[in-house]
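Just below is one structure, and these are the notes that go with it.
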Number of protein chains: 2
Amino acid sequence: MPPLLRVQNFTVSSDGYGAGTGQSLEHPFGHADPGELMAWAGATASWSHRTAPGGTRGLDDHLVRDLDHNIGAEIMGRNKFGPQRGPWTDHTWQGWWGDEPPFHTPVFVLTHHLRPSFTLADTTFHFVDDEPAEVLTRARAAADGRDVRLGGGAQSIRAFLAADLVDTLHVAVSPVRLGSGTRLWESPDELDDRFHHEAVPSSSGVVHHLLWRR
Amino acid sequence: MPPLLRVQNFTVSSDGYGAGTGQSLEHPFGHADPGELMAWAGATASWSHRTAPGGTRGLDDHLVRDLDHNIGAEIMGRNKFGPQRGPWTDHTWQGWWGDEPPFHTPVFVLTHHLRPSFTLADTTFHFVDDEPAEVLTRARAAADGRDVRLGGGAQSIRAFLAADLVDTLHVAVSPVRLGSGTRLWESPDELDDRFHHEAVPSSSGVVHHLLWRR
């Protein structure tokens with residue numbers, strides 16, 4: 001099976017925003033509360049940040065544990081990597097995730113401001129200022145036959161959709177309204193000309209949208 | 001997370017049968033047509049027996065590709081291993097799957113008639129005549145920290161349910177009526193006293209029942 005470019009577990013508000021406005025060091029999702037937006041994932045047994053035992057093992061859990069399955073590299077936007085804008089002034093910033101980032105693969109960060117690659121535990125971050133197709137070529141080579149995950153945010157996903165490079169998307173629409181922010185779409189149906197589309201409601205209140213290229 | 005005993009992708013008819021009557025070498029599922037019963041899985045991109053390209057990548061595909069995820073051993077009933085009954089008369093029978101069985105882990109076959117273990121490619125079959133709890137102990141040791149899959153058939157799943165050893169079940173109820181055969185349950189709701197239970201309809205016509213221990 002040829003490797004894919006996959007969006008996985010990307011969560012948007014009921015009005016289509018992946019994050020709110022006003023991202024900062026204290027508020028990675030701007031005015032959006034990530035705990036509320038991602039509550040469906042946080043309740044599952046497989047949630048990687050789970051500290052307490054327990055958790056659900058239904059539909060939401062199946063999707064959460066698919067997050068890393070057969071993934072060999074990730075592509076993310078700069079705003080997923082950090083709140084800084086413009087030229088890097090502080091290379092001690094190495095992402096939100098501490099000494100052991102949860103990726104365990106090469107990660108390609110889209111930015112107009114290059115900086116040297118670095119490695120934390122088993123994750124190496126590369127910084128790239130190329131067109132989506134070129135970034136994907138590099139990520140595919142790094143993924144060594146496995147799939148590449150397109151990790152978001154919304155702007156990055158839209159750039160790769162515009163270049164028609166995305167093979168599958170799993171987007172969870174959360175029952176939370178944001179009103180403003182970084183928008184993935186006006187409606188989950190707007191990709192139906194190019195993608196098969198299943199909408200699967202979960203008992204947690206989110207609707208899982210599963211799309212794959214026609 | 002402690003390892004689990006999981007039933008995965010086990011498919012039953014709308015009236016609760018995992019296989020029809022009259023199993024034989026020519027008809028592993030008796031009078032049931034496995035192609036019809038398993039059509040939901042066969043249509044997916046991740047179906048392991050897929051030869052043609054393509055296939056769906058919606059809900060059914062997510063469940064199909066979870067089949068082997070974090071599995072370190074399988075337990076199966078003798079009727080899943082072969083159509084023979086009583087003492088083994090022909091040790092050249094090594095299962096339905098040819099030289100490369102799709103398990104890739106140790107497999108423990110429940111039988112009252114022991115025979116020596118053997119290995120085909122990366123699958124080793126062991127034959128055990130013990131109580132479910134003892135078999136599970138052996139399978140857990142072989143799984144080396146990963147989960148154990150309870151592969152069926154229906155009688156084996158019922159035996160492990162009766163011993164209260166099953167942690168999670170994914171059972172797909174197919175829109176096919178069999179009328180007779182080996183029954184898993186009268187109704188998907190009959191385990192609700194012991195299990196959380198989500199029923200998730202798929203666009204393919206099956207209903208996925210996801211159960212996990214309360």
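To be explicit about the labels: the chains of the structure tokens are called A, B, and onward in the order shown, and within each one the residues are counted from 1, while ligands get numbers from 1 in the order they are shown.
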Shell of 8 Å around Val64 of chain A, only C-alpha atoms, local chain residues under 3 positions omitted, as a list in words: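 Final neighbour list, sorted by chain and number: Asn9, Ala41, Thr44, Ser46, Trp47, Asp60, Asp61 and Leu67 of chain A.
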DSSP alpha helix (DSSP H) selection over segment 33-78 of chain B, as a ChimeraX atom specification: /B:34-37,39-42,59-65,78
Go ahead and write the selection's residues with C-alpha atoms as a JSON list (two decimals), in the first residue's frame.
[["chain", "number", "residue", "atom", "x", "y", "z"],
["B", 34, "PRO", "CA", -17.78, -15.63, 4.87],
["B", 35, "GLY", "CA", -17.50, -13.22, 1.92],
["B", 36, "GLU", "CA", -21.00, -11.98, 2.65],
["B", 37, "LEU", "CA", -20.62, -11.99, 6.44],
["B", 39, "ALA", "CA", -18.13, -7.92, 3.26],
["B", 40, "TRP", "CA", -17.79, -4.83, 5.48],
["B", 41, "ALA", "CA", -14.13, -5.70, 6.18],
["B", 42, "GLY", "CA", -13.32, -6.91, 2.69],
["B", 59, "LEU", "CA", -15.03, 3.86, 10.01],
["B", 60, "ASP", "CA", -14.80, 0.21, 8.91],
["B", 61, "ASP", "CA", -11.21, 0.73, 7.83],
["B", 62, "HIS", "CA", -10.24, 2.27, 11.17],
["B", 63, "LEU", "CA", -11.54, -0.83, 12.94],
["B", 64, "VAL", "CA", -9.92, -3.26, 10.50],
["B", 65, "ARG", "CA", -6.51, -1.68, 10.90],
["B", 78, "ARG", "CA", -10.04, -25.50, 17.55]]
Proximity to Ala159 of chain B - best of B:Ala45, B:Pro188, B:Ser180, B:Val135, only C-alpha atoms: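 Smallest distance to Ala159 of chain B is found for B:Val135.
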What lies within 12 Å of segment 71-74 of chain B using only C-alpha atoms, ignoring chain neighbours under 4 positions off, as a short mmCIF file (atom, residue, chain, number, x, y, z; two decimals) with C-alpha atoms, in the first residue's frame?
data_model
loop_
_atom_site.label_atom_id
_atom_site.label_comp_id
_atom_site.auth_asym_id
_atom_site.auth_seq_id
_atom_site.Cartn_x
_atom_site.Cartn_y
_atom_site.Cartn_z
CA PRO B 3 -2.36 -5.60 28.91
CA LEU B 4 -5.87 -6.57 27.84
CA LEU B 5 -7.70 -9.58 26.47
CA ARG B 6 -9.43 -8.18 23.36
CA VAL B 7 -11.97 -9.50 20.90
CA GLN B 8 -11.44 -7.65 17.60
CA ARG B 65 -6.51 -1.68 10.90
CA ASP B 66 -6.78 -1.86 14.67
CA LEU B 67 -6.86 -5.68 14.43
CA LYS B 80 -11.06 -21.68 13.90
CA PHE B 81 -7.88 -23.71 13.39
CA PRO B 102 -1.56 -13.76 9.22
CA PHE B 103 -0.96 -13.82 12.98
CA HIS B 104 2.78 -13.06 13.32
CA THR B 105 2.64 -13.94 17.03
CA PRO B 106 2.28 -17.06 19.15
CA VAL B 107 -1.20 -18.62 18.79
CA PHE B 108 -2.80 -20.82 21.44
CA VAL B 109 -5.34 -23.30 20.06
CA LEU B 110 -7.92 -24.61 22.54
CA ASP B 122 6.67 -15.89 12.25
CA THR B 123 3.64 -17.65 13.75
CA THR B 124 3.97 -20.47 16.30
CA PHE B 125 0.90 -22.59 17.10
CA HIS B 126 0.60 -24.14 20.55
CA PHE B 127 -2.16 -26.60 21.49
CA VAL B 135 -4.54 -20.40 28.83
CA LEU B 136 -4.69 -16.65 29.29
CA THR B 137 -1.75 -16.78 31.70
CA ARG B 138 0.33 -18.60 29.10
CA ALA B 139 -0.75 -16.27 26.31
CA ARG B 140 0.02 -13.19 28.40
CA ALA B 141 3.52 -14.48 29.08
CA ALA B 142 4.03 -15.06 25.37
CA ALA B 143 2.63 -11.61 24.51
CA ASP B 144 5.47 -9.98 26.45
CA GLY B 145 3.54 -6.98 27.74
CA ARG B 146 1.29 -6.53 24.74
CA ASP B 147 -2.42 -7.38 24.56
CA VAL B 148 -3.83 -10.82 23.79
CA ARG B 149 -6.44 -11.17 21.06
CA LEU B 150 -9.25 -13.66 21.56
CA GLY B 151 -9.79 -14.68 17.97
CA GLY B 152 -12.99 -16.71 18.27
CA SER B 156 -14.38 -19.75 22.70
#
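Distance criterion 7 Å to chain B, applied with only C-alpha atoms, yields Arg57, Gly58, Glu198, Leu210, Leu211 and Trp212 of chain A on chain A.
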Quick one: superpose chain B onto chain A using all C-alpha atoms paired in order, least squares, and give it to me as an mmCIF file with C-alpha atoms, in the first residue's frame.
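Result saved to selection-v2.cif:
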data_model
loop_
_atom_site.group_PDB
_atom_site.id
_atom_site.type_symbol
_atom_site.label_atom_id
_atom_site.label_comp_id
_atom_site.auth_asym_id
_atom_site.auth_seq_id
_atom_site.Cartn_x
_atom_site.Cartn_y
_atom_site.Cartn_z
ATOM 1 C CA MET B 1 -0.014 -0.008 0.004
ATOM 2 C CA PRO B 2 1.581 3.360 -0.959
ATOM 3 C CA PRO B 3 2.244 5.650 2.003
ATOM 4 C CA LEU B 4 -0.329 8.336 2.743
ATOM 5 C CA LEU B 5 -0.449 11.898 4.008
ATOM 6 C CA ARG B 6 -2.943 11.699 6.890
ATOM 7 C CA VAL B 7 -4.642 14.225 9.129
ATOM 8 C CA GLN B 8 -5.481 12.467 12.420
ATOM 9 C CA ASN B 9 -7.490 13.518 15.460
ATOM 10 C CA PHE B 10 -7.534 17.143 14.356
ATOM 11 C CA THR B 11 -10.251 18.773 16.423
ATOM 12 C CA VAL B 12 -12.251 21.833 15.417
ATOM 13 C CA SER B 13 -15.090 23.743 17.028
ATOM 14 C CA SER B 14 -18.654 23.400 15.787
ATOM 15 C CA ASP B 15 -18.024 26.560 13.758
ATOM 16 C CA GLY B 16 -14.875 25.157 12.163
ATOM 17 C CA TYR B 17 -11.985 26.677 14.137
ATOM 18 C CA GLY B 18 -8.921 24.644 15.089
ATOM 19 C CA ALA B 19 -7.709 27.273 17.572
ATOM 20 C CA GLY B 20 -8.926 30.571 18.981
ATOM 21 C CA THR B 21 -7.441 34.030 18.599
ATOM 22 C CA GLY B 22 -4.547 35.418 20.626
ATOM 23 C CA GLN B 23 -2.084 32.504 20.827
ATOM 24 C CA SER B 24 0.576 33.099 23.477
ATOM 25 C CA LEU B 25 2.976 31.141 25.660
ATOM 26 C CA GLU B 26 0.282 30.898 28.327
ATOM 27 C CA HIS B 27 -2.534 30.182 25.869
ATOM 28 C CA PRO B 28 -1.343 27.862 23.067
ATOM 29 C CA PHE B 29 -4.893 27.705 21.666
ATOM 30 C CA GLY B 30 -5.629 31.412 22.143
ATOM 31 C CA HIS B 31 -9.046 32.035 23.663
ATOM 32 C CA ALA B 32 -10.027 28.383 23.057
ATOM 33 C CA ASP B 33 -9.784 26.018 26.012
ATOM 34 C CA PRO B 34 -7.921 22.955 24.665
ATOM 35 C CA GLY B 35 -9.230 20.845 27.561
ATOM 36 C CA GLU B 36 -12.770 21.591 26.457
ATOM 37 C CA LEU B 37 -12.083 21.287 22.723
ATOM 38 C CA MET B 38 -10.214 17.991 23.211
ATOM 39 C CA ALA B 39 -12.397 16.616 26.029
ATOM 40 C CA TRP B 40 -13.505 13.735 23.782
ATOM 41 C CA ALA B 41 -9.881 12.548 23.459
ATOM 42 C CA GLY B 42 -8.901 13.263 27.044
ATOM 43 C CA ALA B 43 -11.628 10.925 28.310
ATOM 44 C CA THR B 44 -10.237 7.894 26.457
ATOM 45 C CA ALA B 45 -8.062 5.109 27.855
ATOM 46 C CA SER B 46 -5.465 5.606 25.105
ATOM 47 C CA TRP B 47 -4.964 9.377 25.550
ATOM 48 C CA SER B 48 -1.204 9.815 25.735
ATOM 49 C CA HIS B 49 -1.350 12.444 28.483
ATOM 50 C CA ARG B 50 -3.561 10.320 30.727
ATOM 51 C CA THR B 51 -2.224 10.118 34.264
ATOM 52 C CA ALA B 52 -5.215 8.599 36.100
ATOM 53 C CA PRO B 53 -6.186 4.987 35.322
ATOM 54 C CA GLY B 54 -9.425 4.216 33.524
ATOM 55 C CA GLY B 55 -10.826 5.971 30.496
ATOM 56 C CA THR B 56 -13.307 4.980 27.836
ATOM 57 C CA ARG B 57 -12.633 2.286 25.226
ATOM 58 C CA GLY B 58 -15.352 3.022 22.695
ATOM 59 C CA LEU B 59 -15.266 4.748 19.320
ATOM 60 C CA ASP B 60 -13.274 7.777 20.527
ATOM 61 C CA ASP B 61 -10.604 5.487 21.947
ATOM 62 C CA HIS B 62 -10.261 3.576 18.676
ATOM 63 C CA LEU B 63 -9.578 6.838 16.870
ATOM 64 C CA VAL B 64 -7.177 8.143 19.520
ATOM 65 C CA ARG B 65 -5.070 5.001 19.409
ATOM 66 C CA ASP B 66 -4.841 5.189 15.639
ATOM 67 C CA LEU B 67 -2.933 8.488 15.965
ATOM 68 C CA ASP B 68 0.569 7.003 15.697
ATOM 69 C CA HIS B 69 -0.308 3.858 13.761
ATOM 70 C CA ASN B 70 2.099 3.438 10.822
ATOM 71 C CA ILE B 71 3.256 7.071 11.082
ATOM 72 C CA GLY B 72 6.894 7.720 10.162
ATOM 73 C CA ALA B 73 7.064 11.525 10.162
ATOM 74 C CA GLU B 74 4.974 14.590 10.981
ATOM 75 C CA ILE B 75 4.561 17.929 9.242
ATOM 76 C CA MET B 76 3.337 20.798 11.414
ATOM 77 C CA GLY B 77 2.842 24.522 11.121
ATOM 78 C CA ARG B 78 5.012 26.956 13.053
ATOM 79 C CA ASN B 79 2.119 27.933 15.334
ATOM 80 C CA LYS B 80 1.800 24.339 16.486
ATOM 81 C CA PHE B 81 5.506 24.429 17.357
ATOM 82 C CA GLY B 82 5.418 27.662 19.310
ATOM 83 C CA PRO B 83 3.862 31.105 19.832
ATOM 84 C CA GLN B 84 6.765 33.126 18.405
ATOM 85 C CA ARG B 85 6.370 35.137 15.199
ATOM 86 C CA GLY B 86 9.050 36.496 12.851
ATOM 87 C CA PRO B 87 12.784 35.725 13.124
ATOM 88 C CA TRP B 88 13.803 33.360 15.939
ATOM 89 C CA THR B 89 15.306 35.358 18.793
ATOM 90 C CA ASP B 90 15.571 32.530 21.303
ATOM 91 C CA HIS B 91 16.836 29.126 20.206
ATOM 92 C CA THR B 92 16.312 27.716 23.690
ATOM 93 C CA TRP B 93 12.622 27.369 22.740
ATOM 94 C CA GLN B 94 12.290 23.745 21.659
ATOM 95 C CA GLY B 95 8.516 23.372 21.463
ATOM 96 C CA TRP B 96 5.771 22.940 24.041
ATOM 97 C CA TRP B 97 6.530 19.332 24.863
ATOM 98 C CA GLY B 98 9.558 19.306 27.168
ATOM 99 C CA ASP B 99 12.445 16.850 26.905
ATOM 100 C CA GLU B 100 10.357 13.974 25.525
ATOM 101 C CA PRO B 101 8.099 15.170 22.715
ATOM 102 C CA PRO B 102 5.267 12.772 21.877
ATOM 103 C CA PHE B 103 6.171 12.404 18.192
ATOM 104 C CA HIS B 104 8.979 9.788 18.208
ATOM 105 C CA THR B 105 9.675 10.501 14.522
ATOM 106 C CA PRO B 106 11.202 13.288 12.454
ATOM 107 C CA VAL B 107 9.034 16.443 12.515
ATOM 108 C CA PHE B 108 9.084 19.078 9.775
ATOM 109 C CA VAL B 109 8.090 22.562 10.964
ATOM 110 C CA LEU B 110 6.831 24.951 8.275
ATOM 111 C CA THR B 111 8.359 28.405 8.749
ATOM 112 C CA HIS B 112 9.737 31.298 6.739
ATOM 113 C CA HIS B 113 12.505 31.627 9.324
ATOM 114 C CA LEU B 114 14.930 28.729 9.226
ATOM 115 C CA ARG B 115 16.929 27.484 12.184
ATOM 116 C CA PRO B 116 19.140 24.422 12.766
ATOM 117 C CA SER B 117 17.558 21.009 13.309
ATOM 118 C CA PHE B 118 17.721 19.579 16.826
ATOM 119 C CA THR B 119 16.851 16.323 18.526
ATOM 120 C CA LEU B 120 14.994 15.726 21.787
ATOM 121 C CA ALA B 121 14.865 12.068 22.862
ATOM 122 C CA ASP B 122 13.643 10.207 19.723
ATOM 123 C CA THR B 123 12.142 13.245 17.972
ATOM 124 C CA THR B 124 14.143 15.405 15.544
ATOM 125 C CA PHE B 125 12.726 18.787 14.498
ATOM 126 C CA HIS B 126 13.614 20.160 11.074
ATOM 127 C CA PHE B 127 12.646 23.673 9.939
ATOM 128 C CA VAL B 128 11.620 24.073 6.318
ATOM 129 C CA ASP B 129 10.647 26.995 4.100
ATOM 130 C CA ASP B 130 9.451 25.188 0.995
ATOM 131 C CA GLU B 131 6.302 24.566 -0.969
ATOM 132 C CA PRO B 132 4.016 21.843 0.435
ATOM 133 C CA ALA B 133 4.986 19.336 -2.281
ATOM 134 C CA GLU B 134 8.691 19.693 -1.481
ATOM 135 C CA VAL B 135 8.105 19.414 2.246
ATOM 136 C CA LEU B 136 6.063 16.278 1.679
ATOM 137 C CA THR B 137 8.856 14.782 -0.428
ATOM 138 C CA ARG B 138 11.319 15.331 2.408
ATOM 139 C CA ALA B 139 8.917 13.990 5.019
ATOM 140 C CA ARG B 140 8.163 10.894 2.937
ATOM 141 C CA ALA B 141 11.869 10.145 2.629
ATOM 142 C CA ALA B 142 12.254 10.488 6.391
ATOM 143 C CA ALA B 143 9.182 8.298 7.022
ATOM 144 C CA ASP B 144 10.928 5.373 5.325
ATOM 145 C CA GLY B 145 7.845 3.785 3.779
ATOM 146 C CA ARG B 146 5.410 4.664 6.531
ATOM 147 C CA ASP B 147 2.700 7.330 6.367
ATOM 148 C CA VAL B 148 3.220 11.022 7.082
ATOM 149 C CA ARG B 149 0.923 12.758 9.556
ATOM 150 C CA LEU B 150 -0.109 16.330 8.838
ATOM 151 C CA GLY B 151 -0.378 17.589 12.391
ATOM 152 C CA GLY B 152 -2.000 20.983 11.822
ATOM 153 C CA GLY B 153 -2.838 23.669 12.606
ATOM 154 C CA ALA B 154 -5.717 24.639 10.371
ATOM 155 C CA GLN B 155 -3.663 26.924 8.114
ATOM 156 C CA SER B 156 -1.162 24.168 7.362
ATOM 157 C CA ILE B 157 -3.898 21.656 6.596
ATOM 158 C CA ARG B 158 -5.541 24.159 4.249
ATOM 159 C CA ALA B 159 -2.242 24.754 2.455
ATOM 160 C CA PHE B 160 -1.783 21.019 1.824
ATOM 161 C CA LEU B 161 -5.443 20.634 0.809
ATOM 162 C CA ALA B 162 -5.023 23.523 -1.651
ATOM 163 C CA ALA B 163 -2.048 21.673 -3.141
ATOM 164 C CA ASP B 164 -4.188 18.490 -3.287
ATOM 165 C CA LEU B 165 -1.642 16.484 -1.291
ATOM 166 C CA VAL B 166 -3.832 15.118 1.518
ATOM 167 C CA ASP B 167 -4.970 11.481 1.236
ATOM 168 C CA THR B 168 -7.113 11.030 4.379
ATOM 169 C CA LEU B 169 -8.512 13.253 7.110
ATOM 170 C CA HIS B 170 -9.974 12.459 10.475
ATOM 171 C CA VAL B 171 -11.433 15.665 11.915
ATOM 172 C CA ALA B 172 -13.405 15.631 15.167
ATOM 173 C CA VAL B 173 -16.013 18.380 15.384
ATOM 174 C CA SER B 174 -16.448 19.319 19.022
ATOM 175 C CA PRO B 175 -19.730 20.706 20.421
ATOM 176 C CA VAL B 176 -17.933 23.939 21.373
ATOM 177 C CA ARG B 177 -18.451 27.267 19.585
ATOM 178 C CA LEU B 178 -15.442 29.580 19.269
ATOM 179 C CA GLY B 179 -16.731 32.480 17.141
ATOM 180 C CA SER B 180 -13.266 33.372 15.834
ATOM 181 C CA GLY B 181 -9.788 31.930 15.388
ATOM 182 C CA THR B 182 -7.967 29.864 12.798
ATOM 183 C CA ARG B 183 -10.503 28.232 10.565
ATOM 184 C CA LEU B 184 -10.228 24.809 8.927
ATOM 185 C CA TRP B 185 -13.492 24.999 7.029
ATOM 186 C CA GLU B 186 -16.878 26.664 6.780
ATOM 187 C CA SER B 187 -18.547 23.248 6.734
ATOM 188 C CA PRO B 188 -17.360 19.620 6.838
ATOM 189 C CA ASP B 189 -19.111 19.106 3.497
ATOM 190 C CA GLU B 190 -17.001 21.553 1.532
ATOM 191 C CA LEU B 191 -14.472 18.879 0.510
ATOM 192 C CA ASP B 192 -17.082 16.406 -0.751
ATOM 193 C CA ASP B 193 -16.216 17.061 -4.387
ATOM 194 C CA ARG B 194 -12.749 15.599 -3.799
ATOM 195 C CA PHE B 195 -13.218 13.242 -0.855
ATOM 196 C CA HIS B 196 -15.431 10.381 0.226
ATOM 197 C CA HIS B 197 -16.927 11.480 3.527
ATOM 198 C CA GLU B 198 -18.375 9.602 6.491
ATOM 199 C CA ALA B 199 -19.743 11.503 9.498
ATOM 200 C CA VAL B 200 -19.844 9.274 12.583
ATOM 201 C CA PRO B 201 -21.429 10.688 15.749
ATOM 202 C CA SER B 202 -19.873 9.605 19.039
ATOM 203 C CA SER B 203 -21.619 9.258 22.392
ATOM 204 C CA SER B 204 -19.163 11.861 23.730
ATOM 205 C CA GLY B 205 -20.881 14.570 21.670
ATOM 206 C CA VAL B 206 -18.254 14.984 18.958
ATOM 207 C CA VAL B 207 -18.857 13.990 15.355
ATOM 208 C CA HIS B 208 -15.945 12.223 13.682
ATOM 209 C CA HIS B 209 -15.544 13.180 10.041
ATOM 210 C CA LEU B 210 -13.565 10.603 8.074
ATOM 211 C CA LEU B 211 -12.558 11.677 4.578
ATOM 212 C CA TRP B 212 -10.506 9.938 1.936
ATOM 213 C CA ARG B 213 -9.556 10.939 -1.551
ATOM 214 C CA ARG B 214 -11.943 9.992 -4.363
#
Residues of chain B in strand (DSSP E or B), written as a ChimeraX atom specification: /B:5-12,17-19,44,56,71-77,106-110,118-120,123-128,147-150,168-173,182-183,195-201,207-213
